[in-house]
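Asks: One structure, pasted below without further comment.
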Amino acid sequence: MMLDDRDIAILRVLATEGRITKAALAARIGLSPTPCWERLKKLEKAGLIEGYRAEISLKKLGPHVTVFLTAELADHTAQSFRAFEDAMTRYDEVVACWALGGGFDYLLHIVTRDIDAYQRLVDAMLDARIGLSRYFTYIVTKPVKGPTVPPIELLLGN
């Protein structure tokens with residue numbers, strides 16, 4: 001799908017203000033509501049917009065710990081990778097998981113209530129025999145920069 005400046009503007013606004021009204025979105029990008037709505041539907045249908053989410057303040061919800069875990073698998077077969085990736089979908093505490101090229105096989109972003117809950121999760125993963133052979137734990141001591149809107153124009157080469 002070829003994106004023009006207005007499509008990019010829609011994506012940029014929605015990435016930071018997902019709850020904006022259709023009328024306000026249209027006004028922000030300089031279109032009337034109907035053409036704006038049609039563009040939005042095309043972007044959704046093309047899969048460029050995967051969903052709308054709220055940013056939740058975990059600190060205000062209560063105590064928690066954020067951990068990054070680098071994982072190395074015992075076997076490097078397609079079947080082992082699939083089994084590990086399938087297992088990750090079953091752990092709610094694993095909020096994100098990326099396959100890596102380089103020294104480790106995966107990077108997991110984990111959020112639990114406390115360190116004890118984190119250790120119980122890791123123990124359960126080891127007991128489940130999902131192929132995890134070695135891991136390193138990195139505890140987040142403070143957020144410095146959280147997820148932000150990627151530079152859409154730079155990614156498109158505009």
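If you're wondering about the labels, chains in the structure tokens are A, B, ... by order shown, residues count from 1 in each chain, ligands from 1 in order shown.
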Could you give me, as a list of chain:residue names, the residues within 8 Å of range 105-111 of chain A, counting only C-alpha atoms and dropping anything in the same chain fewer than 5 positions from it?
Replies: A:His64, A:Val65, A:Thr66, A:Val67, A:Phe68, A:Leu69, A:Thr70, A:Ala71, A:Glu72, A:Leu73, A:Glu93, A:Val94, A:Val95, A:Ala96, A:Cys97, A:Trp98, A:Ala99, A:Leu100, A:Tyr118
Asks: Convert the current residue selection to file output with N, CA and C atoms, as a PDB file, in the first residue's frame.
Replies:
```pdb
ATOM      1  N   HIS A  64       5.240  -3.669  41.538  1.00  0.00           N
ATOM      2  CA  HIS A  64       5.560  -4.569  40.431  1.00  0.00           C
ATOM      3  C   HIS A  64       7.055  -4.487  40.159  1.00  0.00           C
ATOM      4  N   VAL A  65       7.535  -5.435  39.391  1.00  0.00           N
ATOM      5  CA  VAL A  65       8.929  -5.425  38.957  1.00  0.00           C
ATOM      6  C   VAL A  65       8.940  -5.721  37.462  1.00  0.00           C
ATOM      7  N   THR A  66       9.760  -4.972  36.750  1.00  0.00           N
ATOM      8  CA  THR A  66       9.942  -5.193  35.317  1.00  0.00           C
ATOM      9  C   THR A  66      11.315  -5.817  35.124  1.00  0.00           C
ATOM     10  N   VAL A  67      11.337  -6.900  34.363  1.00  0.00           N
ATOM     11  CA  VAL A  67      12.562  -7.662  34.159  1.00  0.00           C
ATOM     12  C   VAL A  67      12.729  -7.934  32.665  1.00  0.00           C
ATOM     13  N   PHE A  68      13.958  -7.841  32.207  1.00  0.00           N
ATOM     14  CA  PHE A  68      14.301  -8.331  30.878  1.00  0.00           C
ATOM     15  C   PHE A  68      15.121  -9.596  31.077  1.00  0.00           C
ATOM     16  N   LEU A  69      14.775 -10.606  30.323  1.00  0.00           N
ATOM     17  CA  LEU A  69      15.450 -11.897  30.426  1.00  0.00           C
ATOM     18  C   LEU A  69      15.976 -12.256  29.051  1.00  0.00           C
ATOM     19  N   THR A  70      17.280 -12.531  28.982  1.00  0.00           N
ATOM     20  CA  THR A  70      17.834 -13.052  27.734  1.00  0.00           C
ATOM     21  C   THR A  70      17.847 -14.564  27.856  1.00  0.00           C
ATOM     22  N   ALA A  71      17.369 -15.225  26.823  1.00  0.00           N
ATOM     23  CA  ALA A  71      17.208 -16.682  26.856  1.00  0.00           C
ATOM     24  C   ALA A  71      18.025 -17.345  25.758  1.00  0.00           C
ATOM     25  N   GLU A  72      18.628 -18.450  26.125  1.00  0.00           N
ATOM     26  CA  GLU A  72      19.346 -19.270  25.160  1.00  0.00           C
ATOM     27  C   GLU A  72      18.700 -20.650  25.191  1.00  0.00           C
ATOM     28  N   LEU A  73      18.412 -21.185  24.023  1.00  0.00           N
ATOM     29  CA  LEU A  73      17.791 -22.498  23.935  1.00  0.00           C
ATOM     30  C   LEU A  73      18.854 -23.593  23.856  1.00  0.00           C
ATOM     31  N   GLU A  93       2.709 -13.130  32.192  1.00  0.00           N
ATOM     32  CA  GLU A  93       3.727 -12.208  32.709  1.00  0.00           C
ATOM     33  C   GLU A  93       4.728 -11.795  31.637  1.00  0.00           C
ATOM     34  N   VAL A  94       4.864 -12.610  30.600  1.00  0.00           N
ATOM     35  CA  VAL A  94       5.740 -12.264  29.482  1.00  0.00           C
ATOM     36  C   VAL A  94       4.940 -11.324  28.585  1.00  0.00           C
ATOM     37  N   VAL A  95       5.218 -10.029  28.705  1.00  0.00           N
ATOM     38  CA  VAL A  95       4.430  -9.031  27.972  1.00  0.00           C
ATOM     39  C   VAL A  95       4.967  -8.792  26.568  1.00  0.00           C
ATOM     40  N   ALA A  96       6.210  -9.194  26.313  1.00  0.00           N
ATOM     41  CA  ALA A  96       6.780  -9.104  24.967  1.00  0.00           C
ATOM     42  C   ALA A  96       7.921 -10.105  24.869  1.00  0.00           C
ATOM     43  N   CYS A  97       8.134 -10.594  23.664  1.00  0.00           N
ATOM     44  CA  CYS A  97       9.214 -11.555  23.425  1.00  0.00           C
ATOM     45  C   CYS A  97       9.701 -11.349  22.004  1.00  0.00           C
ATOM     46  N   TRP A  98      11.014 -11.231  21.868  1.00  0.00           N
ATOM     47  CA  TRP A  98      11.614 -11.022  20.556  1.00  0.00           C
ATOM     48  C   TRP A  98      12.642 -12.113  20.289  1.00  0.00           C
ATOM     49  N   ALA A  99      12.648 -12.662  19.083  1.00  0.00           N
ATOM     50  CA  ALA A  99      13.710 -13.560  18.636  1.00  0.00           C
ATOM     51  C   ALA A  99      14.876 -12.673  18.208  1.00  0.00           C
ATOM     52  N   LEU A 100      16.079 -13.065  18.587  1.00  0.00           N
ATOM     53  CA  LEU A 100      17.262 -12.253  18.311  1.00  0.00           C
ATOM     54  C   LEU A 100      18.244 -12.989  17.426  1.00  0.00           C
ATOM     55  N   TYR A 118       8.597 -13.436  39.981  1.00  0.00           N
ATOM     56  CA  TYR A 118       9.466 -13.608  38.809  1.00  0.00           C
ATOM     57  C   TYR A 118      10.204 -14.950  38.889  1.00  0.00           C
TER      58      TYR A 118
END
```
Asks: Run DSSP on the backbone and give me the residues of chain A it puts in alpha helix (DSSP H), as a PyMOL selection string.
Replies: chain A and resi 5-16+22-29+33-45+58-61+78-88+115-127+152-156
Asks: Residues near range 15-17 of chain A, anyone? I mean within 9 Å using only C-alpha atoms, not counting same-chain ones fewer than 6 positions away, as a VMD selection string.
Replies: chain A and resid 52 148 to 150
Asks: Those residues you just picked out, can you put them in a file as a JSON list (two decimals), in the first residue's frame with C-alpha atoms?
Replies:
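Final output, part_3.json:
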```
[["chain", "number", "residue", "atom", "x", "y", "z"],
["A", 52, "TYR", "CA", -5.82, 0.63, 19.92],
["A", 148, "THR", "CA", 7.43, 5.87, 21.87],
["A", 149, "VAL", "CA", 6.10, 6.45, 18.40],
["A", 150, "PRO", "CA", 8.66, 5.25, 15.88]]
```
Asks: Looking only at strand (DSSP E) from DSSP on the backbone, list the matching residues of range 10-80 of chain A as a ChimeraX atom specification.
Replies: /A:65-73
Asks: Write a file of the selected residues as a tab-separated table (two decimals), in the first residue's frame, keeping C-alpha atoms.
Replies:
```
chain	number	residue	atom	x	y	z
A	65	VAL	CA	8.93	-5.42	38.96
A	66	THR	CA	9.94	-5.19	35.32
A	67	VAL	CA	12.56	-7.66	34.16
A	68	PHE	CA	14.30	-8.33	30.88
A	69	LEU	CA	15.45	-11.90	30.43
A	70	THR	CA	17.83	-13.05	27.73
A	71	ALA	CA	17.21	-16.68	26.86
A	72	GLU	CA	19.35	-19.27	25.16
A	73	LEU	CA	17.79	-22.50	23.94
```
Asks: I want to know what sits within 10 Å of Asp75 in chain A, based on only C-alpha atoms, with residues of the same chain fewer than 4 positions away left out; could you give that as a list in words?
Replies: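 Using only C-alpha atoms, the neighbours found are Gln79, Ser80, Phe81, Gly131, Leu132 and Ser133 of chain A.
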Asks: Within 12 Å of Leu31 in chain A, counting only C-alpha atoms, which residues show up once you throw out same-chain ones fewer than 5 positions away? Write them as a PDB file with C-alpha atoms, in the first residue's frame, please.
Replies:
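out-v1.pdb, freshly written:
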```pdb
ATOM      1  CA  ASP A   5       1.308  12.512   3.630  1.00  0.00           C
ATOM      2  CA  ARG A   6      -2.247  12.339   4.999  1.00  0.00           C
ATOM      3  CA  ASP A   7      -2.025   8.595   5.643  1.00  0.00           C
ATOM      4  CA  ALA A   9      -0.374  12.012   9.453  1.00  0.00           C
ATOM      5  CA  ILE A  10      -3.244   9.710  10.477  1.00  0.00           C
ATOM      6  CA  LYS A  22     -13.002  10.867  14.077  1.00  0.00           C
ATOM      7  CA  ALA A  23     -13.964  14.525  13.733  1.00  0.00           C
ATOM      8  CA  ALA A  24     -10.912  15.710  15.674  1.00  0.00           C
ATOM      9  CA  LEU A  25      -8.653  13.411  13.658  1.00  0.00           C
ATOM     10  CA  ALA A  26     -10.069  14.767  10.424  1.00  0.00           C
ATOM     11  CA  CYS A  36     -10.644  10.690   6.810  1.00  0.00           C
ATOM     12  CA  TRP A  37     -12.792   7.771   7.988  1.00  0.00           C
ATOM     13  CA  GLU A  38     -12.342   6.019   4.606  1.00  0.00           C
ATOM     14  CA  ARG A  39      -8.553   6.404   4.840  1.00  0.00           C
ATOM     15  CA  LEU A  40      -8.594   5.117   8.412  1.00  0.00           C
TER      16      LEU A  40
END
```
Asks: Pick out the closest residue to Tyr91 in chain A from this set: A:Leu61, A:Ile8, A:Met125, A:Thr77. Count only C-alpha atoms.
Replies: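 The shortest atom-to-atom distance to Tyr91 in chain A comes from A:Met125.
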Asks: Using only C-alpha atoms, can you tell me which of A:Arg12, A:Arg53, A:Lys142, A:Lys41 comes closest to Arg28 in chain A?
Replies: A:Arg12
Asks: For Leu48 in chain A, please output as a list of chain:residue names all residues within 10 Å (counting only C-alpha atoms; exclusion window: fewer than 6 positions along the same chain).
Replies: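 Residues meeting the cut-off are A:Met1, A:Leu11, A:Leu40, A:Lys42.
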Asks: With N, CA and C atoms retained, export the selected residues as a tab-separated table (two decimals), in the first residue's frame.
Replies:
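Output saved as out34.tsv:
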```
chain	number	residue	atom	x	y	z
A	1	MET	N	0.85	-1.18	0.00
A	1	MET	CA	0.00	0.00	0.00
A	1	MET	C	0.90	1.24	0.00
A	11	LEU	N	-1.54	8.03	10.87
A	11	LEU	CA	-0.78	7.07	11.69
A	11	LEU	C	-0.06	7.77	12.83
A	40	LEU	N	-8.83	5.87	7.19
A	40	LEU	CA	-8.59	5.12	8.41
A	40	LEU	C	-8.98	3.65	8.22
A	42	LYS	N	-9.09	1.99	5.42
A	42	LYS	CA	-8.13	1.36	4.50
A	42	LYS	C	-6.84	0.99	5.24
```
Asks: Work out how far apart CA of Thr21 in chain A and CA of Leu3 in chain A are and give it in Å to one decimal.
Replies: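 Spanning CA of Thr21 in chain A to CA of Leu3 in chain A is a straight-line distance of 21.7 Å.
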Asks: Please report the interatomic distance between CA of Ile49 in chain A and CA of Pro33 in chain A in Å with one decimal.
Replies: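 Going from CA of Ile49 in chain A over to CA of Pro33 in chain A covers 18.4 Å.
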Asks: Please indicate the distance in Å from CA of Ala54 in chain A to CA of Gly18 in chain A, rounded to one decimal place.
Replies: 7.9 Å
Asks: For Ile139 in chain A, which residue out of A:Thr89, A:Ser57, A:Ser32, A:Gln119 is the nearest one, using only C-alpha atoms?
Replies: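 Residue with the minimum atom-to-atom distance to Ile139 in chain A: A:Gln119.
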